[in-house]
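What follows is the content of coords32.pdb (PDB, C-alpha atoms).
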```pdb
ATOM      1  CA  MET I   1      19.350 -72.384  51.884
ATOM      2  CA  LYS I   2      22.091 -70.204  53.320
ATOM      3  CA  PRO I   3      21.116 -66.948  54.983
ATOM      4  CA  ALA I   4      22.177 -63.806  53.177
ATOM      5  CA  PRO I   5      25.629 -62.646  54.308
ATOM      6  CA  VAL I   6      25.606 -59.783  56.748
ATOM      7  CA  SER I   7      26.778 -56.595  55.117
ATOM      8  CA  LYS I   8      30.133 -55.487  56.483
ATOM      9  CA  THR I   9      29.740 -51.897  55.409
ATOM     10  CA  ARG I  10      29.129 -49.703  58.404
ATOM     11  CA  ALA I  11      27.751 -46.238  58.398
ATOM     12  CA  PRO I  12      30.519 -43.811  59.418
ATOM     13  CA  ARG I  13      30.182 -42.700  63.028
ATOM     14  CA  ALA I  14      29.101 -39.115  63.099
ATOM     15  CA  GLU I  15      30.320 -36.709  65.751
ATOM     16  CA  GLN I  16      28.981 -33.260  66.499
ATOM     17  CA  ILE I  17      31.739 -30.678  66.378
ATOM     18  CA  ILE I  18      32.106 -26.950  66.883
ATOM     19  CA  LEU I  19      34.207 -25.048  64.366
ATOM     20  CA  PHE I  20      35.924 -22.147  66.084
ATOM     21  CA  ARG I  21      38.754 -19.702  65.463
ATOM     22  CA  VAL I  22      41.812 -18.790  67.466
ATOM     23  CA  GLY I  23      44.003 -16.040  66.024
ATOM     24  CA  GLY I  24      42.050 -16.369  62.782
ATOM     25  CA  GLN I  25      42.959 -20.069  62.453
ATOM     26  CA  LEU I  26      40.120 -22.585  62.143
ATOM     27  CA  PHE I  27      39.910 -25.527  64.568
ATOM     28  CA  ALA I  28      37.300 -28.109  65.500
ATOM     29  CA  ILE I  29      36.363 -29.531  68.880
ATOM     30  CA  SER I  30      33.884 -32.222  69.790
ATOM     31  CA  SER I  31      30.807 -30.492  71.154
ATOM     32  CA  ALA I  32      30.672 -33.193  73.849
ATOM     33  CA  SER I  33      33.954 -31.816  75.196
ATOM     34  CA  VAL I  34      32.543 -28.336  75.729
ATOM     35  CA  GLN I  35      30.584 -27.884  78.921
ATOM     36  CA  GLU I  36      29.660 -24.261  78.375
ATOM     37  CA  VAL I  37      30.304 -21.372  76.021
ATOM     38  CA  ARG I  38      30.256 -17.880  77.481
ATOM     39  CA  SER I  39      30.979 -14.409  76.344
ATOM     40  CA  VAL I  40      34.212 -12.974  77.735
ATOM     41  CA  ASP I  41      32.293  -9.858  78.826
ATOM     42  CA  SER I  42      30.021 -11.971  81.031
ATOM     43  CA  LEU I  43      33.050 -13.047  83.104
ATOM     44  CA  THR I  44      33.842  -9.556  84.366
ATOM     45  CA  GLY I  45      34.441  -9.796  88.087
ATOM     46  CA  MET I  46      34.502 -13.594  88.050
ATOM     47  CA  THR I  47      38.134 -14.018  87.033
ATOM     48  CA  GLN I  48      41.101 -13.977  89.320
ATOM     49  CA  GLU I  49      44.544 -13.000  88.139
ATOM     50  CA  ILE I  50      47.574 -15.200  88.727
ATOM     51  CA  PRO I  51      50.257 -12.529  89.145
ATOM     52  CA  GLN I  52      53.221 -14.924  89.250
ATOM     53  CA  SER I  53      52.005 -17.408  86.643
ATOM     54  CA  THR I  54      54.705 -19.849  85.610
ATOM     55  CA  VAL I  55      52.732 -20.835  82.516
ATOM     56  CA  ARG I  56      52.755 -17.939  80.066
ATOM     57  CA  LYS I  57      49.490 -18.856  78.328
ATOM     58  CA  VAL I  58      47.557 -18.859  81.627
ATOM     59  CA  ARG I  59      47.055 -15.531  83.402
ATOM     60  CA  HIS I  60      43.646 -15.978  85.036
ATOM     61  CA  THR I  61      41.432 -18.500  86.738
ATOM     62  CA  VAL I  62      37.654 -18.714  86.847
ATOM     63  CA  ARG I  63      35.906 -20.432  89.722
ATOM     64  CA  ARG I  64      32.789 -22.363  88.717
ATOM     65  CA  GLY I  65      31.177 -24.416  91.442
ATOM     66  CA  ASP I  66      33.852 -26.610  92.991
ATOM     67  CA  THR I  67      36.224 -26.338  90.079
ATOM     68  CA  THR I  68      38.851 -23.750  89.302
ATOM     69  CA  HIS I  69      39.357 -23.419  85.559
ATOM     70  CA  TYR I  70      42.635 -22.138  84.186
ATOM     71  CA  VAL I  71      41.995 -19.666  81.384
ATOM     72  CA  VAL I  72      44.239 -20.581  78.450
ATOM     73  CA  ASN I  73      45.073 -17.956  75.859
ATOM     74  CA  GLY I  74      44.597 -19.928  72.642
ATOM     75  CA  THR I  75      46.804 -17.653  70.543
ATOM     76  CA  ILE I  76      49.806 -18.169  72.840
ATOM     77  CA  HIS I  77      49.117 -21.903  73.065
ATOM     78  CA  PHE I  78      49.085 -22.380  69.289
ATOM     79  CA  GLY I  79      51.603 -19.630  68.535
ATOM     80  CA  VAL I  80      49.237 -17.791  66.193
ATOM     81  CA  PRO I  81      48.849 -14.013  65.857
ATOM     82  CA  ALA I  82      47.170 -12.411  68.846
ATOM     83  CA  ALA I  83      43.485 -11.620  68.417
ATOM     84  CA  ALA I  84      40.804 -10.252  70.689
ATOM     85  CA  ALA I  85      38.962 -13.151  72.302
ATOM     86  CA  SER I  86      35.205 -12.768  72.456
ATOM     87  CA  LEU I  87      34.174 -16.189  73.759
ATOM     88  CA  ILE I  88      35.387 -18.717  76.270
ATOM     89  CA  PHE I  89      34.941 -22.507  76.212
ATOM     90  CA  PHE I  90      34.682 -24.278  79.547
ATOM     91  CA  LEU I  91      35.947 -27.752  78.748
ATOM     92  CA  ARG I  92      34.777 -31.033  80.272
ATOM     93  CA  HIS I  93      37.056 -33.455  82.104
ATOM     94  CA  THR I  94      39.836 -30.895  82.342
ATOM     95  CA  PRO I  95      40.115 -27.708  84.437
ATOM     96  CA  THR I  96      40.644 -25.680  81.283
ATOM     97  CA  ALA I  97      38.806 -22.698  79.893
ATOM     98  CA  LEU I  98      39.866 -21.671  76.400
ATOM     99  CA  LEU I  99      39.743 -18.133  75.044
ATOM    100  CA  ILE I 100      38.670 -18.100  71.390
ATOM    101  CA  ASP I 101      37.956 -15.463  68.731
ATOM    102  CA  GLY I 102      34.530 -16.868  67.976
ATOM    103  CA  ILE I 103      32.493 -19.800  66.691
ATOM    104  CA  ASP I 104      32.058 -20.345  62.952
ATOM    105  CA  LYS I 105      29.391 -23.026  63.138
ATOM    106  CA  MET I 106      28.348 -26.382  64.534
ATOM    107  CA  THR I 107      28.500 -29.310  62.175
ATOM    108  CA  THR I 108      28.991 -33.061  61.993
ATOM    109  CA  MET I 109      32.165 -34.899  61.090
ATOM    110  CA  THR I 110      32.033 -38.444  59.838
ATOM    111  CA  TYR I 111      35.733 -38.959  59.337
ATOM    112  CA  LEU I 112      38.707 -38.313  61.583
ATOM    113  CA  GLN I 113      42.151 -39.132  60.248
ATOM    114  CA  ALA I 114      44.861 -39.640  62.837
ATOM    115  CA  LEU I 115      47.498 -36.941  62.747
ATOM    116  CA  PRO I 116      50.158 -38.157  60.290
ATOM    117  CA  GLN I 117      53.235 -39.502  62.052
ATOM    118  CA  ALA I 118      55.338 -36.919  60.214
ATOM    119  CA  PHE I 119      54.024 -34.411  62.754
ATOM    120  CA  CYS I 120      56.212 -35.221  65.704
ATOM    121  CA  ARG I 121      56.264 -32.291  68.146
ATOM    122  CA  GLU I 122      53.777 -30.777  70.629
ATOM    123  CA  GLU I 123      51.033 -30.896  68.017
ATOM    124  CA  ARG I 124      50.678 -34.617  68.743
ATOM    125  CA  GLU I 125      49.280 -33.581  72.127
ATOM    126  CA  TRP I 126      47.229 -30.736  70.715
ATOM    127  CA  TYR I 127      45.230 -32.632  68.093
ATOM    128  CA  ARG I 128      43.107 -35.765  68.063
ATOM    129  CA  GLY I 129      43.462 -35.790  64.315
ATOM    130  CA  LEU I 130      42.396 -34.035  61.134
ATOM    131  CA  THR I 131      39.070 -33.940  59.405
ATOM    132  CA  ALA I 132      38.042 -32.842  55.931
ATOM    133  CA  LEU I 133      34.963 -30.629  55.752
ATOM    134  CA  ASP I 134      33.765 -29.002  52.537
ATOM    135  CA  GLN I 135      37.149 -29.594  50.872
ATOM    136  CA  THR I 136      38.934 -27.962  53.815
ATOM    137  CA  VAL I 137      41.181 -29.692  56.308
ATOM    138  CA  VAL I 138      40.525 -28.805  59.930
ATOM    139  CA  PRO I 139      42.559 -29.942  62.947
ATOM    140  CA  VAL I 140      40.397 -31.443  65.694
ATOM    141  CA  VAL I 141      41.738 -30.387  69.078
ATOM    142  CA  ARG I 142      42.195 -32.618  72.111
ATOM    143  CA  PRO I 143      40.662 -30.885  75.164
ATOM    144  CA  GLU I 144      43.317 -32.346  77.492
ATOM    145  CA  GLY I 145      46.056 -31.061  75.197
ATOM    146  CA  PHE I 146      45.830 -27.418  76.258
ATOM    147  CA  LEU I 147      47.522 -27.994  79.598
ATOM    148  CA  SER I 148      49.955 -30.802  80.231
ATOM    149  CA  VAL I 149      50.137 -32.590  83.587
ATOM    150  CA  GLU I 150      53.368 -30.662  84.317
ATOM    151  CA  GLU I 151      51.705 -27.317  83.526
ATOM    152  CA  LEU I 152      48.689 -28.191  85.685
ATOM    153  CA  THR I 153      50.979 -29.148  88.566
ATOM    154  CA  LEU I 154      52.878 -25.866  88.214
ATOM    155  CA  LEU I 155      49.667 -23.857  88.106
ATOM    156  CA  ASP I 156      48.204 -25.715  91.085
ATOM    157  CA  SER I 157      51.311 -25.006  93.167
ATOM    158  CA  THR I 158      51.352 -21.344  92.088
ATOM    159  CA  LEU I 159      47.708 -21.029  93.051
ATOM    160  CA  GLN I 160      48.342 -22.694  96.435
ATOM    161  CA  ALA I 161      51.227 -20.288  97.093
ATOM    162  CA  GLU I 162      49.019 -17.305  96.190
ATOM    163  CA  LEU I 163      46.303 -18.557  98.540
ATOM    164  CA  ARG I 164      48.809 -18.986 101.378
ATOM    165  CA  LYS I 165      50.118 -15.444 100.813
ATOM    166  CA  GLU I 166      46.585 -14.080 100.847
ATOM    167  CA  GLN I 167      45.782 -15.933 104.095
ATOM    168  CA  GLU I 168      48.949 -14.609 105.711
ATOM    169  CA  ARG I 169      48.085 -11.074 104.614
ATOM    170  CA  SER I 170      44.556 -11.300 105.986
ATOM    171  CA  GLU I 171      45.818 -12.818 109.256
ATOM    172  CA  GLY I 172      48.407 -10.027 109.497
ATOM    173  CA  SER I 173      45.811  -7.338 109.009
ATOM    174  CA  GLN I 174      43.544  -8.941 111.654
ATOM    175  CA  ASP I 175      46.454  -9.022 114.145
ATOM    176  CA  SER I 176      47.208  -5.329 113.563
ATOM    177  CA  GLU I 177      43.577  -4.458 114.286
TER     178      GLU I 177
ATOM    179  CA  MET P 178      90.664 -52.651  44.661
ATOM    180  CA  SER P 179      88.241 -49.803  43.920
ATOM    181  CA  VAL P 180      86.855 -47.945  46.942
ATOM    182  CA  VAL P 181      83.531 -47.689  45.165
ATOM    183  CA  ALA P 182      81.670 -50.947  45.447
ATOM    184  CA  GLU P 183      78.823 -51.702  43.134
ATOM    185  CA  ILE P 184      75.738 -52.764  45.060
ATOM    186  CA  ALA P 185      72.838 -53.266  42.679
ATOM    187  CA  LEU P 186      70.914 -51.963  39.719
ATOM    188  CA  GLU P 187      67.682 -50.509  41.031
ATOM    189  CA  SER P 188      64.773 -48.463  39.741
ATOM    190  CA  PHE P 189      64.866 -44.893  41.018
ATOM    191  CA  VAL P 190      62.952 -41.713  40.413
ATOM    192  CA  LEU P 191      65.163 -38.705  39.769
ATOM    193  CA  LEU P 192      63.788 -35.514  41.235
ATOM    194  CA  ARG P 193      64.942 -31.939  41.010
ATOM    195  CA  LEU P 194      65.305 -29.569  43.944
ATOM    196  CA  GLY P 195      66.514 -26.208  42.699
ATOM    197  CA  GLU P 196      69.612 -26.819  40.613
ATOM    198  CA  ARG P 197      70.335 -30.230  42.043
ATOM    199  CA  ARG P 198      68.996 -33.695  41.392
ATOM    200  CA  PHE P 199      68.342 -36.477  43.831
ATOM    201  CA  ALA P 200      67.178 -40.049  43.496
ATOM    202  CA  LEU P 201      64.491 -41.841  45.442
ATOM    203  CA  ARG P 202      63.749 -45.568  45.152
ATOM    204  CA  ALA P 203      60.856 -46.034  42.754
ATOM    205  CA  ALA P 204      59.299 -48.541  45.136
ATOM    206  CA  ASN P 205      58.704 -45.648  47.562
ATOM    207  CA  ILE P 206      56.961 -43.431  45.009
ATOM    208  CA  VAL P 207      53.174 -43.339  44.713
ATOM    209  CA  GLU P 208      52.588 -40.610  42.115
ATOM    210  CA  LEU P 209      53.560 -37.205  40.831
ATOM    211  CA  ILE P 210      50.826 -34.586  41.106
ATOM    212  CA  ALA P 211      50.307 -30.918  40.332
ATOM    213  CA  PRO P 212      50.430 -28.585  43.346
ATOM    214  CA  SER P 213      47.057 -28.240  45.008
ATOM    215  CA  ARG P 214      45.652 -26.169  47.846
ATOM    216  CA  VAL P 215      47.796 -26.327  50.961
ATOM    217  CA  PHE P 216      46.040 -26.398  54.318
ATOM    218  CA  ARG P 217      48.159 -24.961  57.108
ATOM    219  CA  PHE P 218      47.580 -25.257  60.827
ATOM    220  CA  PRO P 219      49.776 -24.606  63.868
ATOM    221  CA  ASN P 220      52.524 -27.144  64.411
ATOM    222  CA  HIS P 221      56.142 -27.155  65.554
ATOM    223  CA  THR P 222      57.596 -29.820  63.282
ATOM    224  CA  PRO P 223      60.308 -28.294  61.091
ATOM    225  CA  ALA P 224      60.028 -28.817  57.310
ATOM    226  CA  LEU P 225      56.310 -29.629  57.528
ATOM    227  CA  GLU P 226      54.433 -26.807  55.917
ATOM    228  CA  GLY P 227      50.900 -28.159  55.884
ATOM    229  CA  VAL P 228      48.791 -30.855  54.308
ATOM    230  CA  ILE P 229      47.040 -31.494  51.030
ATOM    231  CA  LEU P 230      43.841 -33.360  50.400
ATOM    232  CA  ARG P 231      44.256 -36.109  47.817
ATOM    233  CA  ARG P 232      41.404 -38.503  47.004
ATOM    234  CA  GLY P 233      39.955 -38.017  50.471
ATOM    235  CA  LYS P 234      43.292 -38.663  52.175
ATOM    236  CA  ILE P 235      45.172 -35.998  54.110
ATOM    237  CA  ILE P 236      48.860 -35.985  53.176
ATOM    238  CA  PRO P 237      51.537 -33.891  54.925
ATOM    239  CA  ILE P 238      53.864 -31.757  52.799
ATOM    240  CA  CYS P 239      57.507 -32.110  53.714
ATOM    241  CA  ASP P 240      59.818 -29.586  52.084
ATOM    242  CA  VAL P 241      63.290 -31.083  52.336
ATOM    243  CA  SER P 242      64.973 -28.531  50.057
ATOM    244  CA  GLU P 243      66.521 -26.543  52.900
ATOM    245  CA  GLN P 244      68.151 -29.636  54.369
ATOM    246  CA  LEU P 245      69.321 -30.976  51.009
ATOM    247  CA  VAL P 246      70.325 -27.885  49.016
ATOM    248  CA  GLY P 247      70.653 -25.259  51.731
ATOM    249  CA  THR P 248      67.915 -22.908  50.521
ATOM    250  CA  LYS P 249      64.147 -23.065  50.573
ATOM    251  CA  MET P 250      62.627 -23.700  47.166
ATOM    252  CA  THR P 251      60.668 -20.794  45.733
ATOM    253  CA  VAL P 252      59.436 -22.535  42.584
ATOM    254  CA  ARG P 253      57.581 -25.802  42.929
ATOM    255  CA  ARG P 254      56.141 -27.552  39.951
ATOM    256  CA  PHE P 255      54.933 -30.812  41.395
ATOM    257  CA  TYR P 256      54.416 -32.812  44.532
ATOM    258  CA  LEU P 257      56.061 -36.192  44.521
ATOM    259  CA  ILE P 258      53.962 -38.448  46.719
ATOM    260  CA  ALA P 259      56.213 -40.939  48.431
ATOM    261  CA  THR P 260      55.778 -43.438  51.226
ATOM    262  CA  ARG P 261      57.696 -43.289  54.449
ATOM    263  CA  LEU P 262      57.919 -45.850  57.209
ATOM    264  CA  PHE P 263      57.256 -44.793  60.787
ATOM    265  CA  GLY P 264      58.054 -47.917  62.747
ATOM    266  CA  MET P 265      55.751 -50.483  61.171
ATOM    267  CA  GLN P 266      53.377 -47.871  59.802
ATOM    268  CA  LYS P 267      53.625 -46.749  56.192
ATOM    269  CA  GLU P 268      52.456 -43.213  55.431
ATOM    270  CA  SER P 269      52.336 -40.981  52.392
ATOM    271  CA  ILE P 270      54.173 -37.664  52.299
ATOM    272  CA  ALA P 271      54.227 -35.016  49.584
ATOM    273  CA  LEU P 272      57.672 -33.755  48.561
ATOM    274  CA  PRO P 273      57.624 -30.459  46.644
ATOM    275  CA  VAL P 274      59.930 -30.672  43.601
ATOM    276  CA  SER P 275      61.005 -27.882  41.295
ATOM    277  CA  GLY P 276      61.234 -29.772  38.009
ATOM    278  CA  ASP P 277      60.259 -32.844  36.061
ATOM    279  CA  CYS P 278      60.908 -36.220  37.573
ATOM    280  CA  GLU P 279      62.023 -39.250  35.604
ATOM    281  CA  ARG P 280      62.210 -42.905  36.370
ATOM    282  CA  ASN P 281      65.487 -44.575  35.647
ATOM    283  CA  TRP P 282      67.500 -47.671  36.327
ATOM    284  CA  ILE P 283      70.435 -46.558  38.337
ATOM    285  CA  ARG P 284      73.520 -48.288  39.527
ATOM    286  CA  ARG P 285      73.685 -47.449  43.186
ATOM    287  CA  THR P 286      77.199 -47.231  44.452
ATOM    288  CA  SER P 287      78.618 -46.283  47.750
ATOM    289  CA  ALA P 288      81.971 -44.773  48.570
ATOM    290  CA  ALA P 289      82.664 -43.929  52.195
ATOM    291  CA  GLY P 290      79.041 -43.059  52.796
ATOM    292  CA  PHE P 291      78.796 -40.929  49.648
ATOM    293  CA  ARG P 292      76.333 -42.028  46.997
ATOM    294  CA  THR P 293      76.752 -41.368  43.304
ATOM    295  CA  ALA P 294      74.241 -42.219  40.646
ATOM    296  CA  ALA P 295      74.753 -42.898  36.948
ATOM    297  CA  THR P 296      72.378 -44.238  34.343
TER     298      THR P 296
END
```
Render the structure in this file as structure tokens.
Amino acid sequence: MKPAPVSKTRAPRAEQIILFRVGGQLFAISSASVQEVRSVDSLTGMTQEIPQSTVRKVRHTVRRGDTTHYVVNGTIHFGVPAAAASLIFFLRHTPTALLIDGIDKMTTMTYLQALPQAFCREEREWYRGLTALDQTVVPVVRPEGFLSVEELTLLDSTLQAELRKEQERSEGSQDSE
Amino acid sequence: MSVVAEIALESFVLLRLGERRFALRAANIVELIAPSRVFRFPNHTPALEGVILRRGKIIPICDVSEQLVGTKMTVRRFYLIATRLFGMQKESIALPVSGDCERNWIRRTSAAGFRTAAT
């Protein structure tokens, strides 16, 4: 007697996501990509301004442990209407912190459709794909898509230059004393 | 000898964009559907205005009226779901149309890159 054939139907892989808003627009991000969520108010005194930032969407950095996170203004990144950010996502595997309006909820997605090929500009870097939740389509963001390698290089060099200037200033003031 | 050379008799779907009509090969048409909820999200691709959800599939809406007739369509009665090839990959796109569509056998002719259609 032949053994019963193994069923080929697989349960869809579920992924925990956070639904959040930037400029009123709804987005999703894998909760595994978010290291920490903090209130913007709690960062007072922890941020450092980049006065000569060459990347318009990044104006501040936050130092956490050994890592410097570049604070990305989500509304400028996506080109959506400006809104007051109340929360900040510290993302994993990328030195990016994202300013957001707020979190709608945490949920599970079981389906992620690749971004249709018809979308052919920067959005291909921004999104992992699209998901349908409660008859609504939500773009799922790619954490590495907020800052390109070129932007990170520019920011790193700007930061280095700022540090050098600061060192020179402090050395100058010591000499004058 | 005529400049216009007859190529073949093919099945096309005639669609209306504003006051003008265009033909699309019937083999590339999936269905004609009533407009449904459009989901918009930030993107920089021109002519793409969002996506619709159709039988669990997410389909981008591509409004080609501006390129074809010079003005953006204000009235849209249907979405014509067509397939488009991206390399080897076939994908569905929704084309907003402003009037009824009809399937017809058309003699496709070409004259110096200009196509005319007659039933």
Name the residues in contact with Val228 of chain P at a cut-off of 7 Å, using all atoms listed in the file, excluding same-chain residues fewer than 5 positions from it; report them as a list in words.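 Selected residues are Val215, Phe216, Arg217, Ile235, Ile236, Pro237 and Ile238 of chain P.
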Specify as a CSV table (one decimal) with C-alpha atoms, in the coordinates of the input each residue included when the PyMOL selection byres ((chain P) within 9 of (chain I)) is applied to this file.
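Written out: result.csv:
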```csv
chain,number,residue,atom,x,y,z
P,216,PHE,CA,46.0,-26.4,54.3
P,217,ARG,CA,48.2,-25.0,57.1
P,218,PHE,CA,47.6,-25.3,60.8
P,219,PRO,CA,49.8,-24.6,63.9
P,220,ASN,CA,52.5,-27.1,64.4
P,221,HIS,CA,56.1,-27.2,65.6
P,222,THR,CA,57.6,-29.8,63.3
P,223,PRO,CA,60.3,-28.3,61.1
P,225,LEU,CA,56.3,-29.6,57.5
P,228,VAL,CA,48.8,-30.9,54.3
P,229,ILE,CA,47.0,-31.5,51.0
P,230,LEU,CA,43.8,-33.4,50.4
P,233,GLY,CA,40.0,-38.0,50.5
P,234,LYS,CA,43.3,-38.7,52.2
P,235,ILE,CA,45.2,-36.0,54.1
P,236,ILE,CA,48.9,-36.0,53.2
P,237,PRO,CA,51.5,-33.9,54.9
P,239,CYS,CA,57.5,-32.1,53.7
P,261,ARG,CA,57.7,-43.3,54.4
P,263,PHE,CA,57.3,-44.8,60.8
P,266,GLN,CA,53.4,-47.9,59.8
P,268,GLU,CA,52.5,-43.2,55.4
P,269,SER,CA,52.3,-41.0,52.4
P,270,ILE,CA,54.2,-37.7,52.3
```
Report the residues retrieved by the PyMOL selection byres ((chain I and resi 144-149) around 9) from the displayed file, expressed as number ranges by chain. I: 70, 72, 74, 77, 91, 93-96, 98, 122-127, 141-143, 150-154
Between atom CA of Ala203 of chain P and atom CA of Ala259 of chain P, measure the distance and give it in Å to one decimal.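 That distance, rounded to one decimal, is 8.9 Å.
Taking atom CA of Pro273 of chain P and atom CA of Glu208 of chain P as the two end points, the separation is 12.2 Å.
Distance check against Pro212 of chain P using all atoms listed in the file: of P:Arg197, P:Arg284, P:Arg231, P:Lys267, the minimum falls on P:Arg231.
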Measure the distance from atom CA of Ser33 of chain I to atom CA of Val140 of chain I in Å and round it to one decimal.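 It comes out at 11.5 Å.
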Please identify all polymer residues within 10 Å of segment 187-193 of chain P, counting all atoms listed in the file, omitting same-chain residues fewer than 6 positions from it, and present them as a PDB file with C-alpha atoms, keeping the file's coordinate frame.
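The resulting file, selection.pdb, is reproduced below:
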```pdb
ATOM      1  CA  PHE P 199      68.342 -36.477  43.831  1.00  0.00           C
ATOM      2  CA  ALA P 200      67.178 -40.049  43.496  1.00  0.00           C
ATOM      3  CA  LEU P 201      64.491 -41.841  45.442  1.00  0.00           C
ATOM      4  CA  ARG P 202      63.749 -45.568  45.152  1.00  0.00           C
ATOM      5  CA  ALA P 203      60.856 -46.034  42.754  1.00  0.00           C
ATOM      6  CA  ALA P 204      59.299 -48.541  45.136  1.00  0.00           C
ATOM      7  CA  ASN P 205      58.704 -45.648  47.562  1.00  0.00           C
ATOM      8  CA  ILE P 206      56.961 -43.431  45.009  1.00  0.00           C
ATOM      9  CA  SER P 242      64.973 -28.531  50.057  1.00  0.00           C
ATOM     10  CA  ARG P 253      57.581 -25.802  42.929  1.00  0.00           C
ATOM     11  CA  ARG P 254      56.141 -27.552  39.951  1.00  0.00           C
ATOM     12  CA  LEU P 257      56.061 -36.192  44.521  1.00  0.00           C
ATOM     13  CA  LEU P 272      57.672 -33.755  48.561  1.00  0.00           C
ATOM     14  CA  PRO P 273      57.624 -30.459  46.644  1.00  0.00           C
ATOM     15  CA  VAL P 274      59.930 -30.672  43.601  1.00  0.00           C
ATOM     16  CA  SER P 275      61.005 -27.882  41.295  1.00  0.00           C
ATOM     17  CA  GLY P 276      61.234 -29.772  38.009  1.00  0.00           C
ATOM     18  CA  ASP P 277      60.259 -32.844  36.061  1.00  0.00           C
ATOM     19  CA  CYS P 278      60.908 -36.220  37.573  1.00  0.00           C
ATOM     20  CA  GLU P 279      62.023 -39.250  35.604  1.00  0.00           C
ATOM     21  CA  ARG P 280      62.210 -42.905  36.370  1.00  0.00           C
ATOM     22  CA  ASN P 281      65.487 -44.575  35.647  1.00  0.00           C
ATOM     23  CA  TRP P 282      67.500 -47.671  36.327  1.00  0.00           C
ATOM     24  CA  ILE P 283      70.435 -46.558  38.337  1.00  0.00           C
ATOM     25  CA  ARG P 284      73.520 -48.288  39.527  1.00  0.00           C
ATOM     26  CA  ARG P 285      73.685 -47.449  43.186  1.00  0.00           C
ATOM     27  CA  ALA P 294      74.241 -42.219  40.646  1.00  0.00           C
TER      28      ALA P 294
END
```
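Once the PyMOL selection byres ((chain I and resi 104) around 10) is applied to this file, the selection holds Ile18, Leu19, Phe20, Arg21, Leu26, Phe27, Ala28, Asp101, Gly102, Ile103, Lys105, Met106 and Thr107 of chain I.
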Determine the nearest neighbour of Gln160 of chain I from the options I:Gln52, I:Arg128, I:Val71, I:Pro81, counting only C-alpha atoms.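 Nearest to Gln160 of chain I: I:Gln52.
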As AutoDock Vina command-line options, please: the centre and edge lengths in Å, to one decimal, of an axis-aligned box enclosing every listed atom of segment 142-157 of chain I with 8 Å added on each side.
```
--center_x 47.0 --center_y -28.2 --center_z 82.6 --size_x 28.7 --size_y 24.8 --size_z 37.1
```
Which polymer residues have any atom within 9 Å of an atom of Ser53 of chain I, counting all atoms listed in the file, with same-chain residues fewer than 6 positions away left out, as a ChimeraX atom specification? /I:59-60,154-155,158-159
Excluding same-chain residues fewer than 4 positions from Leu87 of chain I, what lies within 8 Å of it counting only C-alpha atoms, as a list in words?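 Using only C-alpha atoms, the neighbours found are Val37, Arg38, Ser39, Val40, Leu99, Ile100, Asp101 and Gly102 of chain I.
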Taking the point (41.5, -25.6, 92.6) as given in the file, collect each protein or nucleic acid residue that comes within 7 Å of it, counting all atoms listed in the file, and present the set as a ChimeraX atom specification. /I:67-68,156
